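Colleague: Structure file data-v5.cif, mmCIF, C-alpha atoms, is pasted below:
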```
data_work
#
loop_
_atom_site.group_PDB
_atom_site.id
_atom_site.type_symbol
_atom_site.label_atom_id
_atom_site.label_comp_id
_atom_site.auth_asym_id
_atom_site.auth_seq_id
_atom_site.Cartn_x
_atom_site.Cartn_y
_atom_site.Cartn_z
ATOM 1 C CA MET G 1 9.861 7.985 -0.525
ATOM 2 C CA LYS G 2 12.680 10.448 0.226
ATOM 3 C CA ARG G 3 10.559 13.338 -1.082
ATOM 4 C CA LEU G 4 7.725 12.295 1.236
ATOM 5 C CA GLU G 5 10.100 12.212 4.217
ATOM 6 C CA THR G 6 11.399 15.679 3.340
ATOM 7 C CA LEU G 7 7.848 17.013 3.054
ATOM 8 C CA ALA G 8 6.920 15.489 6.405
ATOM 9 C CA ILE G 9 9.902 17.168 8.106
ATOM 10 C CA ALA G 10 9.019 20.485 6.478
ATOM 11 C CA LEU G 11 5.502 20.254 7.887
ATOM 12 C CA VAL G 12 6.649 19.275 11.372
ATOM 13 C CA ILE G 13 9.133 22.145 11.842
ATOM 14 C CA PRO G 14 6.504 24.948 11.602
ATOM 15 C CA ALA G 15 4.227 22.959 13.887
ATOM 16 C CA LEU G 16 6.938 22.810 16.556
ATOM 17 C CA GLY G 17 7.323 26.563 16.386
ATOM 18 C CA LEU G 18 3.571 26.982 17.025
ATOM 19 C CA ALA G 19 3.457 24.730 20.100
ATOM 20 C CA GLN G 20 1.074 26.079 22.736
ATOM 21 C CA THR G 21 0.873 25.555 26.490
ATOM 22 C CA LYS G 22 -2.605 25.078 27.911
ATOM 23 C CA TYR G 23 -3.487 26.334 31.376
ATOM 24 C CA ASN G 24 -6.498 26.152 33.660
ATOM 25 C CA ILE G 25 -6.371 28.349 36.768
ATOM 26 C CA ARG G 26 -9.070 27.582 39.332
ATOM 27 C CA GLY G 27 -9.255 30.072 42.173
ATOM 28 C CA SER G 28 -11.182 30.202 45.420
ATOM 29 C CA VAL G 29 -11.583 32.724 48.241
ATOM 30 C CA PRO G 30 -13.077 32.118 51.699
ATOM 31 C CA THR G 31 -16.653 33.024 52.571
ATOM 32 C CA GLY G 32 -16.996 36.683 53.426
ATOM 33 C CA HIS G 33 -14.021 37.870 51.377
ATOM 34 C CA LYS G 34 -14.814 41.277 49.881
ATOM 35 C CA ALA G 35 -13.013 40.790 46.558
ATOM 36 C CA THR G 36 -15.282 40.749 43.524
ATOM 37 C CA LEU G 37 -12.729 40.489 40.725
ATOM 38 C CA ALA G 38 -9.547 38.572 40.028
ATOM 39 C CA VAL G 39 -7.024 40.107 37.632
ATOM 40 C CA MET G 40 -4.254 37.959 36.166
ATOM 41 C CA SER G 41 -1.363 39.600 34.315
ATOM 42 C CA TYR G 42 1.477 37.853 32.473
ATOM 43 C CA PRO G 43 3.893 38.310 29.532
ATOM 44 C CA LYS G 44 2.292 37.470 26.205
ATOM 45 C CA ASP G 45 5.635 36.261 24.877
ATOM 46 C CA ASP G 46 9.381 36.736 25.337
ATOM 47 C CA LYS G 47 9.653 39.903 23.255
ATOM 48 C CA GLY G 48 9.532 42.203 26.287
ATOM 49 C CA GLY G 49 6.296 43.991 25.408
ATOM 50 C CA GLU G 50 3.374 44.977 27.610
ATOM 51 C CA TYR G 51 1.818 42.375 29.865
ATOM 52 C CA LYS G 52 -1.571 40.939 29.066
ATOM 53 C CA ALA G 53 -4.252 41.278 31.748
ATOM 54 C CA ASP G 54 -7.257 38.983 32.058
ATOM 55 C CA THR G 55 -10.171 39.598 34.423
ATOM 56 C CA ALA G 56 -12.577 37.110 35.972
ATOM 57 C CA ALA G 57 -15.551 37.748 38.240
ATOM 58 C CA ILE G 58 -15.543 36.043 41.632
ATOM 59 C CA VAL G 59 -18.879 34.241 41.982
ATOM 60 C CA ASN G 60 -19.718 32.294 45.132
ATOM 61 C CA GLY G 61 -16.064 32.417 46.091
ATOM 62 C CA LYS G 62 -14.863 30.918 42.806
ATOM 63 C CA PHE G 63 -13.160 32.198 39.654
ATOM 64 C CA GLN G 64 -11.357 30.657 36.704
ATOM 65 C CA PHE G 65 -8.923 31.469 33.887
ATOM 66 C CA LYS G 66 -8.424 29.120 30.934
ATOM 67 C CA GLY G 67 -6.353 29.595 27.805
ATOM 68 C CA THR G 68 -3.204 28.859 25.870
ATOM 69 C CA ILE G 69 0.160 30.592 25.737
ATOM 70 C CA GLY G 70 3.325 30.135 23.710
ATOM 71 C CA ARG G 71 5.319 28.816 26.669
ATOM 72 C CA PRO G 72 4.801 28.702 30.465
ATOM 73 C CA GLN G 73 5.026 32.239 31.864
ATOM 74 C CA LEU G 74 5.030 33.616 35.405
ATOM 75 C CA ALA G 75 1.627 35.160 36.131
ATOM 76 C CA GLU G 76 0.589 37.522 38.911
ATOM 77 C CA LEU G 77 -2.936 37.251 40.279
ATOM 78 C CA ASN G 78 -4.521 40.092 42.243
ATOM 79 C CA LEU G 79 -7.840 40.027 44.085
ATOM 80 C CA ILE G 80 -9.637 43.353 43.726
ATOM 81 C CA VAL G 81 -11.858 44.804 46.445
ATOM 82 C CA PRO G 82 -14.179 47.566 45.180
ATOM 83 C CA ARG G 83 -14.035 50.905 46.952
ATOM 84 C CA PRO G 84 -16.817 51.700 49.421
ATOM 85 C CA ALA G 85 -19.648 54.003 48.347
ATOM 86 C CA GLY G 86 -18.502 57.612 48.484
ATOM 87 C CA ASP G 87 -14.815 56.679 48.459
ATOM 88 C CA LYS G 88 -13.256 58.496 45.494
ATOM 89 C CA SER G 89 -9.935 56.704 45.720
ATOM 90 C CA ARG G 90 -9.075 53.985 43.243
ATOM 91 C CA SER G 91 -10.301 50.437 43.787
ATOM 92 C CA ARG G 92 -7.745 48.770 45.978
ATOM 93 C CA GLN G 93 -6.062 45.421 45.811
ATOM 94 C CA GLY G 94 -7.229 43.242 48.665
ATOM 95 C CA GLU G 95 -7.462 44.835 52.102
ATOM 96 C CA GLU G 96 -5.035 46.663 54.338
ATOM 97 C CA GLY G 97 -2.272 44.505 55.756
ATOM 98 C CA SER G 98 1.428 44.433 56.467
ATOM 99 C CA ASN G 99 2.174 41.508 54.118
ATOM 100 C CA ASN G 100 2.719 42.704 50.552
ATOM 101 C CA MET G 101 1.678 39.265 49.259
ATOM 102 C CA LYS G 102 -1.808 39.533 50.747
ATOM 103 C CA ASN G 103 -4.435 38.710 48.116
ATOM 104 C CA VAL G 104 -1.678 38.145 45.557
ATOM 105 C CA GLY G 105 -0.746 34.913 43.803
ATOM 106 C CA LEU G 106 2.351 34.073 41.761
ATOM 107 C CA PHE G 107 2.474 30.936 39.643
ATOM 108 C CA TYR G 108 3.455 29.567 36.245
ATOM 109 C CA LEU G 109 0.770 29.189 33.602
ATOM 110 C CA GLU G 110 0.874 25.491 32.801
ATOM 111 C CA GLU G 111 -1.672 22.672 33.196
ATOM 112 C CA THR G 112 -4.305 22.891 35.955
ATOM 113 C CA ILE G 113 -3.486 24.891 39.089
ATOM 114 C CA ASP G 114 -5.747 25.476 42.087
ATOM 115 C CA VAL G 115 -5.052 28.817 43.801
ATOM 116 C CA ILE G 116 -6.637 28.791 47.270
ATOM 117 C CA PHE G 117 -6.730 31.966 49.351
ATOM 118 C CA ASP G 118 -7.171 31.676 53.116
ATOM 119 C CA THR G 119 -8.923 34.126 55.447
ATOM 120 C CA ALA G 120 -5.675 36.117 55.785
ATOM 121 C CA GLY G 121 -5.481 36.533 52.009
ATOM 122 C CA MET G 122 -2.434 34.283 51.571
ATOM 123 C CA ALA G 123 -2.391 31.976 48.557
ATOM 124 C CA ALA G 124 -1.626 28.273 48.453
ATOM 125 C CA TYR G 125 -1.245 26.197 45.301
ATOM 126 C CA ARG G 126 -2.072 22.706 44.130
ATOM 127 C CA GLY G 127 -1.201 21.114 40.806
ATOM 128 C CA GLY G 128 0.541 22.716 37.853
ATOM 129 C CA GLY G 129 3.400 21.424 35.727
ATOM 130 C CA LYS G 130 7.152 21.157 36.166
ATOM 131 C CA GLU G 131 7.586 24.941 35.883
ATOM 132 C CA GLN G 132 5.260 25.492 38.851
ATOM 133 C CA GLU G 133 7.165 22.846 40.797
ATOM 134 C CA ALA G 134 10.443 24.645 40.107
ATOM 135 C CA TRP G 135 8.918 28.020 40.970
ATOM 136 C CA GLN G 136 7.592 26.826 44.325
ATOM 137 C CA PHE G 137 10.978 25.325 45.152
ATOM 138 C CA TYR G 138 12.605 28.675 44.364
ATOM 139 C CA ALA G 139 10.094 30.611 46.506
ATOM 140 C CA LYS G 140 10.709 28.295 49.456
ATOM 141 C CA GLU G 141 14.496 28.462 49.072
ATOM 142 C CA ALA G 142 14.448 32.268 48.805
ATOM 143 C CA VAL G 143 12.617 32.586 52.121
ATOM 144 C CA GLU G 144 14.736 30.008 53.935
ATOM 145 C CA ARG G 145 18.057 31.382 52.696
ATOM 146 C CA SER G 146 17.151 34.975 53.500
ATOM 147 C CA LYS G 147 16.360 33.971 57.086
ATOM 148 C CA ALA G 148 19.595 32.039 57.584
ATOM 149 C CA PRO G 149 21.882 33.496 60.322
ATOM 150 C CA ASN G 150 24.738 34.068 57.872
ATOM 151 C CA ALA G 151 22.571 35.208 54.969
ATOM 152 C CA ASP G 152 24.198 37.569 52.453
ATOM 153 C CA ALA G 153 22.406 40.915 52.652
ATOM 154 C CA GLY G 154 23.447 41.905 49.137
ATOM 155 C CA MET G 155 23.184 40.410 45.677
ATOM 156 C CA GLY G 156 25.351 37.453 46.642
ATOM 157 C CA LEU G 157 22.370 35.531 48.015
ATOM 158 C CA TYR G 158 20.371 35.967 44.820
ATOM 159 C CA GLU G 159 23.339 35.147 42.591
ATOM 160 C CA GLN G 160 23.995 31.888 44.444
ATOM 161 C CA LEU G 161 20.317 30.977 44.573
ATOM 162 C CA VAL G 162 19.789 31.485 40.834
ATOM 163 C CA SER G 163 22.987 29.613 40.053
ATOM 164 C CA ASP G 164 21.758 26.685 42.167
ATOM 165 C CA MET G 165 18.350 26.829 40.485
ATOM 166 C CA VAL G 166 19.912 26.582 37.034
ATOM 167 C CA LYS G 167 21.886 23.535 38.165
ATOM 168 C CA ARG G 168 18.789 21.906 39.665
ATOM 169 C CA TYR G 169 16.407 22.850 36.830
ATOM 170 C CA PRO G 170 18.547 23.271 33.673
ATOM 171 C CA ASP G 171 15.584 22.555 31.384
ATOM 172 C CA ALA G 172 13.089 24.932 33.027
ATOM 173 C CA TYR G 173 11.890 28.333 31.858
ATOM 174 C CA VAL G 174 11.951 29.315 35.529
ATOM 175 C CA SER G 175 15.747 29.209 35.411
ATOM 176 C CA VAL G 176 15.851 31.362 32.277
ATOM 177 C CA ASP G 177 13.432 33.893 33.795
ATOM 178 C CA LEU G 178 15.386 34.109 37.045
ATOM 179 C CA MET G 179 18.510 34.944 35.045
ATOM 180 C CA ASP G 180 16.797 38.107 33.720
ATOM 181 C CA LEU G 181 18.293 40.341 36.403
ATOM 182 C CA PHE G 182 21.785 39.394 35.238
ATOM 183 C CA THR G 183 21.114 39.824 31.500
ATOM 184 C CA GLN G 184 19.089 43.048 31.255
ATOM 185 C CA SER G 185 22.069 45.417 31.527
ATOM 186 C CA ALA G 186 25.806 44.813 31.467
ATOM 187 C CA ILE G 187 26.428 41.068 31.599
ATOM 188 C CA GLN G 188 29.020 39.699 34.023
ATOM 189 C CA PRO G 189 30.523 36.802 32.046
ATOM 190 C CA GLN G 190 31.991 35.087 35.113
ATOM 191 C CA LEU G 191 28.448 34.868 36.543
ATOM 192 C CA VAL G 192 26.213 34.359 33.504
ATOM 193 C CA GLY G 193 28.638 32.233 31.465
ATOM 194 C CA PRO G 194 28.561 29.176 33.788
ATOM 195 C CA MET G 195 24.781 29.477 34.086
ATOM 196 C CA TYR G 196 24.396 29.489 30.308
ATOM 197 C CA ASN G 197 26.638 26.438 29.947
ATOM 198 C CA THR G 198 24.507 24.607 32.526
ATOM 199 C CA LEU G 199 21.212 25.259 30.709
ATOM 200 C CA SER G 200 19.812 22.466 28.560
ATOM 201 C CA LYS G 201 20.109 22.757 24.789
ATOM 202 C CA ARG G 202 16.378 23.473 24.660
ATOM 203 C CA MET G 203 16.688 26.409 27.024
ATOM 204 C CA GLN G 204 19.828 27.680 25.261
ATOM 205 C CA GLN G 205 17.753 27.815 22.084
ATOM 206 C CA SER G 206 14.773 29.538 23.742
ATOM 207 C CA GLU G 207 13.853 32.976 22.438
ATOM 208 C CA LYS G 208 14.844 34.907 25.551
ATOM 209 C CA VAL G 209 18.296 33.300 25.781
ATOM 210 C CA VAL G 210 18.990 33.611 22.057
ATOM 211 C CA ARG G 211 18.324 37.348 22.387
ATOM 212 C CA TRP G 212 20.981 38.009 25.051
ATOM 213 C CA LYS G 213 23.524 35.345 24.057
ATOM 214 C CA PRO G 214 25.414 37.671 21.624
ATOM 215 C CA ARG G 215 25.954 40.147 24.486
ATOM 216 C CA LEU G 216 27.295 37.357 26.651
ATOM 217 C CA ASP G 217 29.715 36.395 23.874
ATOM 218 C CA ARG G 218 30.934 39.988 23.609
ATOM 219 C CA ALA G 219 31.312 40.246 27.390
ATOM 220 C CA ILE G 220 33.371 37.041 27.448
ATOM 221 C CA GLN G 221 35.562 38.343 24.644
ATOM 222 C CA ALA G 222 36.021 41.699 26.372
ATOM 223 C CA ALA G 223 36.983 39.989 29.623
ATOM 224 C CA SER G 224 39.540 37.856 27.792
ATOM 225 C CA GLY G 225 41.411 40.949 26.618
ATOM 226 C CA THR G 226 41.227 39.888 22.956
ATOM 227 C CA MET G 227 38.576 42.363 21.826
ATOM 228 C CA THR G 228 39.813 45.154 19.549
ATOM 229 C CA ALA G 229 38.346 48.590 20.215
ATOM 230 C CA PRO G 230 36.737 50.280 17.190
ATOM 231 C CA ASP G 231 38.970 52.937 15.692
ATOM 232 C CA PHE G 232 37.936 56.593 15.557
ATOM 233 C CA THR G 233 39.540 59.885 14.552
ATOM 234 C CA MET G 234 38.815 63.281 16.146
ATOM 235 C CA ASN G 235 40.557 66.619 16.570
ATOM 236 C CA ASP G 236 42.813 67.444 19.515
ATOM 237 C CA VAL G 237 43.098 70.811 21.271
ATOM 238 C CA ASP G 238 45.108 72.186 18.348
ATOM 239 C CA GLY G 239 42.585 71.001 15.781
ATOM 240 C CA LYS G 240 44.807 68.174 14.561
ATOM 241 C CA PRO G 241 43.208 64.763 13.878
ATOM 242 C CA VAL G 242 44.020 62.041 16.403
ATOM 243 C CA SER G 243 43.192 58.358 15.841
ATOM 244 C CA LEU G 244 42.927 55.659 18.440
ATOM 245 C CA SER G 245 44.862 53.322 16.153
ATOM 246 C CA ALA G 246 47.902 55.601 16.516
ATOM 247 C CA TYR G 247 48.219 54.368 20.101
ATOM 248 C CA LYS G 248 48.324 50.698 19.139
ATOM 249 C CA GLY G 249 50.978 48.708 20.946
ATOM 250 C CA GLY G 250 50.821 50.617 24.218
ATOM 251 C CA TYR G 251 48.577 50.884 27.243
ATOM 252 C CA VAL G 252 45.743 53.314 26.569
ATOM 253 C CA LEU G 253 42.951 54.524 28.823
ATOM 254 C CA VAL G 254 40.030 55.900 26.772
ATOM 255 C CA ASP G 255 38.288 58.233 29.189
ATOM 256 C CA PHE G 256 34.861 59.705 28.320
ATOM 257 C CA TRP G 257 34.135 62.891 30.221
ATOM 258 C CA ALA G 258 32.802 66.459 29.960
ATOM 259 C CA SER G 259 33.395 69.802 31.644
ATOM 260 C CA TRP G 260 29.840 69.771 33.039
ATOM 261 C CA CYS G 261 30.102 66.207 34.413
ATOM 262 C CA VAL G 262 30.725 66.565 38.168
ATOM 263 C CA PRO G 263 31.668 62.886 38.803
ATOM 264 C CA CYS G 264 34.011 62.995 35.778
ATOM 265 C CA ARG G 265 35.769 66.103 37.040
ATOM 266 C CA ALA G 266 36.062 64.546 40.490
ATOM 267 C CA GLU G 267 37.817 61.544 38.947
ATOM 268 C CA ASN G 268 40.247 63.600 36.828
ATOM 269 C CA PRO G 269 42.867 63.928 39.616
ATOM 270 C CA ASN G 270 43.036 60.121 39.759
ATOM 271 C CA VAL G 271 43.387 59.921 35.970
ATOM 272 C CA LEU G 272 46.210 62.474 36.094
ATOM 273 C CA ALA G 273 47.932 60.628 38.951
ATOM 274 C CA ALA G 274 47.813 57.349 37.026
ATOM 275 C CA TYR G 275 49.195 59.050 33.939
ATOM 276 C CA GLU G 276 52.103 60.618 35.849
ATOM 277 C CA LYS G 277 52.917 57.311 37.551
ATOM 278 C CA PHE G 278 52.932 55.099 34.460
ATOM 279 C CA LYS G 279 53.654 57.415 31.515
ATOM 280 C CA ASP G 280 57.274 56.269 31.343
ATOM 281 C CA LYS G 281 56.054 52.686 30.880
ATOM 282 C CA GLY G 282 54.028 53.462 27.778
ATOM 283 C CA PHE G 283 50.751 54.366 29.477
ATOM 284 C CA LYS G 284 48.703 57.055 27.708
ATOM 285 C CA VAL G 285 45.336 58.665 28.267
ATOM 286 C CA LEU G 286 42.987 59.449 25.403
ATOM 287 C CA GLY G 287 40.134 61.556 26.702
ATOM 288 C CA VAL G 288 36.921 61.883 24.695
ATOM 289 C CA SER G 289 35.004 64.996 25.683
ATOM 290 C CA LEU G 290 31.239 65.261 25.316
ATOM 291 C CA ASP G 291 31.384 69.055 25.406
ATOM 292 C CA GLU G 292 29.642 71.088 22.726
ATOM 293 C CA LYS G 293 31.538 74.300 23.460
ATOM 294 C CA LYS G 294 35.282 74.234 22.933
ATOM 295 C CA ASP G 295 36.056 77.083 25.344
ATOM 296 C CA ARG G 296 34.494 75.233 28.286
ATOM 297 C CA TRP G 297 36.324 72.063 27.316
ATOM 298 C CA LEU G 298 39.712 73.853 27.148
ATOM 299 C CA LYS G 299 39.034 75.634 30.433
ATOM 300 C CA ALA G 300 38.301 72.317 32.176
ATOM 301 C CA ILE G 301 41.534 70.808 30.784
ATOM 302 C CA ALA G 302 43.519 73.742 32.177
ATOM 303 C CA GLU G 303 41.767 73.726 35.559
ATOM 304 C CA ASP G 304 42.232 69.981 36.042
ATOM 305 C CA LYS G 305 45.797 70.118 34.636
ATOM 306 C CA LEU G 306 45.088 67.335 32.171
ATOM 307 C CA PRO G 307 47.605 66.401 29.453
ATOM 308 C CA GLY G 308 45.866 68.349 26.675
ATOM 309 C CA ASN G 309 47.720 66.693 23.807
ATOM 310 C CA SER G 310 46.089 63.405 24.811
ATOM 311 C CA PHE G 311 42.515 64.630 24.683
ATOM 312 C CA VAL G 312 40.096 65.041 21.815
ATOM 313 C CA THR G 313 36.644 66.534 21.565
ATOM 314 C CA LEU G 314 33.430 64.829 20.562
ATOM 315 C CA LYS G 315 30.658 67.163 19.488
ATOM 316 C CA ARG G 316 27.233 65.770 20.285
ATOM 317 C CA ARG G 317 24.628 65.929 17.584
ATOM 318 C CA LYS G 318 21.783 68.240 18.430
ATOM 319 C CA ALA G 319 18.255 66.830 18.258
ATOM 320 C CA ARG G 320 16.406 67.787 15.109
#
```
Can the structure from this file be put into structure tokens for me?

Modeller:
Amino acid sequence: MKRLETLAIALVIPALGLAQTKYNIRGSVPTGHKATLAVMSYPKDDKGGEYKADTAAIVNGKFQFKGTIGRPQLAELNLIVPRPAGDKSRSRQGEEGSNNMKNVGLFYLEETIDVIFDTAGMAAYRGGGKEQEAWQFYAKEAVERSKAPNADAGMGLYEQLVSDMVKRYPDAYVSVDLMDLFTQSAIQPQLVGPMYNTLSKRMQQSEKVVRWKPRLDRAIQAASGTMTAPDFTMNDVDGKPVSLSAYKGGYVLVDFWASWCVPCRAENPNVLAAYEKFKDKGFKVLGVSLDEKKDRWLKAIAEDKLPGNSFVTLKRRKAR
């Protein structure tokens, strides 16, 4: 009996990994609309590759997309109006208008969704699953918050909105997708960390989150001040080897720069000022130059009056 139970579990696990989400998108446009095609594009998976694009003909004001996908994904739908005879420009999306959402639909592929375009080309939605419900709530909140009298004109509004979305929908892919902007480059642990902790276990184990979680862990460690910098050894201005580990126990600024880097050179007076102010308290500067030519590197050190014995050179490898 125990062997049968083990076999059953072994068969179930692969099946869970192959779970598919079915979708049925039913679209309609008003009588007289000039669009003849509907193009729907969406991510095929969470690996970050090219989007998949499906096309459907608009017949008698109707079109439809049906299929399956690994998990609910945000899709963009565009109505295509063919170019007039003799017009050599590319076929254009919809018609001219000031609203950039004209003849465009945004929704999550899950269950049955009706996408209804009005005479102005604006889309309305009926149906869908919990991801579509979360997405429509987000879209409404984004508009309302941006129009508020005291609305933050910068990233603060988006940061707060996404944070609130994660709290409201911790088990939704919408929340994970909205966090993309904060996880694509350098991760701010004080922002992303609380969001991650709020996500459900299912979302924490989703492919997209699993991919960036190690970077979040490193960012948290770096912010804590417990991360040890990797050691390296390079030659100083006199050709003598200098190792970062030799500076252990003090305060060290590792400054990457180059003689040809204008912003770097502009910052050098501030680096020198900090060094002069705190050198008696154990503060040192270890500059890593990206110069390929030693004479230019040495000239820049002299011109900027940098403490040469604290700087080393890093020769870049030339492309083969």

Colleague: Quick one: which residues end up in the PyMOL selection byres ((chain G and resi 127) around 7) for this structure, as a list in words?

Modeller: Thr112, Ile113, Asp114, Tyr125, Arg126, Gly128 and Gly129 of chain G

Colleague: Using Å and a single decimal, report how far atom CA of Ala35 of chain G sits from atom CA of Phe117 of chain G.

Modeller: 11.2 Å

Colleague: Tell me, in Å to one decimal, how far atom CA of Thr21 of chain G is from atom CA of Tyr108 of chain G.

Modeller: 10.9 Å

Colleague: Give me, as an NGL selection string, all polymer residues having an atom no more than 12 Å from Ala246 of chain G, counting all atoms listed in the file and skipping those fewer than 5 positions away in the same chain.

Modeller: :G and (231-234 or 241 or 251-252 or 284 or 286 or 310)

Colleague: Quick one: of G:Trp257, G:Phe182, G:Trp212, G:Tyr158, who's nearest to Gly287 of chain G, counting all atoms listed in the file?

Modeller: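 Of the candidates, the smallest distance to Gly287 of chain G is held by G:Trp257.
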
Colleague: Kindly give the distance, in Å, that separates atom CA of Thr119 of chain G and atom CA of Tyr23 of chain G, rounded to a single decimal.

Modeller: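 Separation between atom CA of Thr119 of chain G and atom CA of Tyr23 of chain G: 25.9 Å.
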
Colleague: Kindly indicate which residue among G:Pro230, G:Pro189, G:Gly48, G:Gly27 lies nearest to Gln64 of chain G, using all atoms listed in the file for the distances.

Modeller: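 Closest residue, counting all atoms listed in the file: G:Gly27.
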
Colleague: Restricting the calculation to all atoms listed in the file, which member of G:Leu290, G:Ala222, G:Val285, G:Met122 is positioned closest to Trp260 of chain G?

Modeller: G:Leu290

Colleague: Counting all atoms listed in the file, which residue out of G:Gln204, G:Asn100, G:Thr228, G:Asn270 sits closest to Val166 of chain G?

Modeller: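 Answer, going by the shortest atom-to-atom distance: G:Gln204.
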
Colleague: Quick check on the file I pasted: which residues fall under the PyMOL selection byres ((chain G and resi 40) around 7)? Write them as a CSV table (one decimal) with C-alpha atoms, keeping the file's coordinate frame.

Modeller:
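Contents of out.csv, freshly written:
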```
chain,number,residue,atom,x,y,z
G,38,ALA,CA,-9.5,38.6,40.0
G,39,VAL,CA,-7.0,40.1,37.6
G,41,SER,CA,-1.4,39.6,34.3
G,42,TYR,CA,1.5,37.9,32.5
G,53,ALA,CA,-4.3,41.3,31.7
G,54,ASP,CA,-7.3,39.0,32.1
G,55,THR,CA,-10.2,39.6,34.4
G,75,ALA,CA,1.6,35.2,36.1
G,76,GLU,CA,0.6,37.5,38.9
G,77,LEU,CA,-2.9,37.3,40.3
G,78,ASN,CA,-4.5,40.1,42.2
```

Colleague: Would you mind listing what lies within 12 Å of Glu111 of chain G as a ChimeraX atom specification, with all atoms listed in the file counted and same-chain residues fewer than 4 positions away left out?

Modeller: /G:20-26,65-69,71-73,107,126-133

Colleague: Just want the 10 Å neighbourhood of Glu207 of chain G, counted on all atoms listed in the file, with same-chain residues fewer than 4 positions away dropped. Output as a PDB file with C-alpha atoms, in the frame of the given file.

Modeller:
```
ATOM      1  CA  ASP G  45       5.635  36.261  24.877  1.00  0.00           C
ATOM      2  CA  ASP G  46       9.381  36.736  25.337  1.00  0.00           C
ATOM      3  CA  LYS G  47       9.653  39.903  23.255  1.00  0.00           C
ATOM      4  CA  MET G 203      16.688  26.409  27.024  1.00  0.00           C
ATOM      5  CA  ARG G 211      18.324  37.348  22.387  1.00  0.00           C
ATOM      6  CA  TRP G 212      20.981  38.009  25.051  1.00  0.00           C
TER       7      TRP G 212
END
```

Colleague: Do you know which residues the PyMOL selection byres ((chain G and resi 253) around 12) returns on this file, as a PyMOL selection string?

Modeller: chain G and resi 229+244+247-248+250-252+254-256+271-272+274-275+278-279+282-288+310-311

Colleague: Might you pull out every residue within 9 Å of Val192 of chain G, with only C-alpha atoms counted and same-chain residues fewer than 5 positions away left off, and present them as a VMD selection string?

Modeller: chain G and resid 163 179 182 to 183 187 197 216

Colleague: For a cut-off of 12 Å around (25.1, 29.2, 41.3), file coordinates, pick out all residues using only C-alpha atoms and list them as an MDAnalysis selection string.

Modeller: chainID G and resid 156:170 175 178:179 190:199

Colleague: Around segment 216-233 of chain G, with edges along x, y and z and 6 Å added on all six sides, what centre and edge lengths do you get, in Å to one decimal, as AutoDock Vina command-line options?

Modeller:
```
--center_x 34.4 --center_y 48.1 --center_z 22.1 --size_x 26.1 --size_y 35.5 --size_z 27.1
```

Colleague: Given the choices G:Lys208, G:Lys52, G:Lys102, G:Lys34, which gets closest to Pro84 of chain G if the distance is worked out from all atoms listed in the file?

Modeller: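 Nearest candidate to Pro84 of chain G out of G:Lys208, G:Lys52, G:Lys102, G:Lys34: G:Lys34.
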
Colleague: Go through G:Leu306, G:Ala153, G:Val209, G:Ala57 and flag the residue nearest Glu267 of chain G, using all atoms listed in the file for the distances.

Modeller: G:Leu306

Colleague: What would segment 226-234 of chain G look like if you wrote it out as an mmCIF file, in the first residue's frame, with N, CA, C and O atoms included, from the block I just posted?

Modeller:
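Output contents, as saved in selection-v8.cif:
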```
data_model
loop_
_atom_site.group_PDB
_atom_site.id
_atom_site.type_symbol
_atom_site.label_atom_id
_atom_site.label_comp_id
_atom_site.auth_asym_id
_atom_site.auth_seq_id
_atom_site.Cartn_x
_atom_site.Cartn_y
_atom_site.Cartn_z
ATOM 1 N N THR G 226 26.596 43.220 6.518
ATOM 2 C CA THR G 226 27.285 41.968 6.873
ATOM 3 C C THR G 226 27.916 41.284 5.675
ATOM 4 O O THR G 226 28.567 40.257 5.834
ATOM 5 N N MET G 227 27.719 41.829 4.480
ATOM 6 C CA MET G 227 28.261 41.189 3.285
ATOM 7 C C MET G 227 29.754 41.494 3.145
ATOM 8 O O MET G 227 30.183 42.642 3.302
ATOM 9 N N THR G 228 30.541 40.483 2.869
ATOM 10 C CA THR G 228 31.982 40.639 2.687
ATOM 11 C C THR G 228 32.288 40.828 1.207
ATOM 12 O O THR G 228 31.867 40.028 0.371
ATOM 13 N N ALA G 229 33.018 41.886 0.882
ATOM 14 C CA ALA G 229 33.373 42.146 -0.506
ATOM 15 C C ALA G 229 34.369 41.109 -0.989
ATOM 16 O O ALA G 229 35.252 40.678 -0.234
ATOM 17 N N PRO G 230 34.268 40.667 -2.240
ATOM 18 C CA PRO G 230 35.231 39.700 -2.778
ATOM 19 C C PRO G 230 36.621 40.310 -2.856
ATOM 20 O O PRO G 230 36.773 41.483 -3.232
ATOM 21 N N ASP G 231 37.610 39.555 -2.493
ATOM 22 C CA ASP G 231 38.982 40.065 -2.491
ATOM 23 C C ASP G 231 39.541 40.098 -3.907
ATOM 24 O O ASP G 231 39.135 39.319 -4.781
ATOM 25 N N PHE G 232 40.446 41.014 -4.167
ATOM 26 C CA PHE G 232 41.137 41.079 -5.454
ATOM 27 C C PHE G 232 42.514 41.692 -5.222
ATOM 28 O O PHE G 232 42.745 42.383 -4.226
ATOM 29 N N THR G 233 43.422 41.424 -6.131
ATOM 30 C CA THR G 233 44.786 41.945 -6.053
ATOM 31 C C THR G 233 45.164 42.536 -7.399
ATOM 32 O O THR G 233 45.018 41.878 -8.431
ATOM 33 N N MET G 234 45.640 43.792 -7.398
ATOM 34 C CA MET G 234 46.075 44.460 -8.624
ATOM 35 C C MET G 234 47.279 45.325 -8.297
ATOM 36 O O MET G 234 47.614 45.519 -7.129
#
```
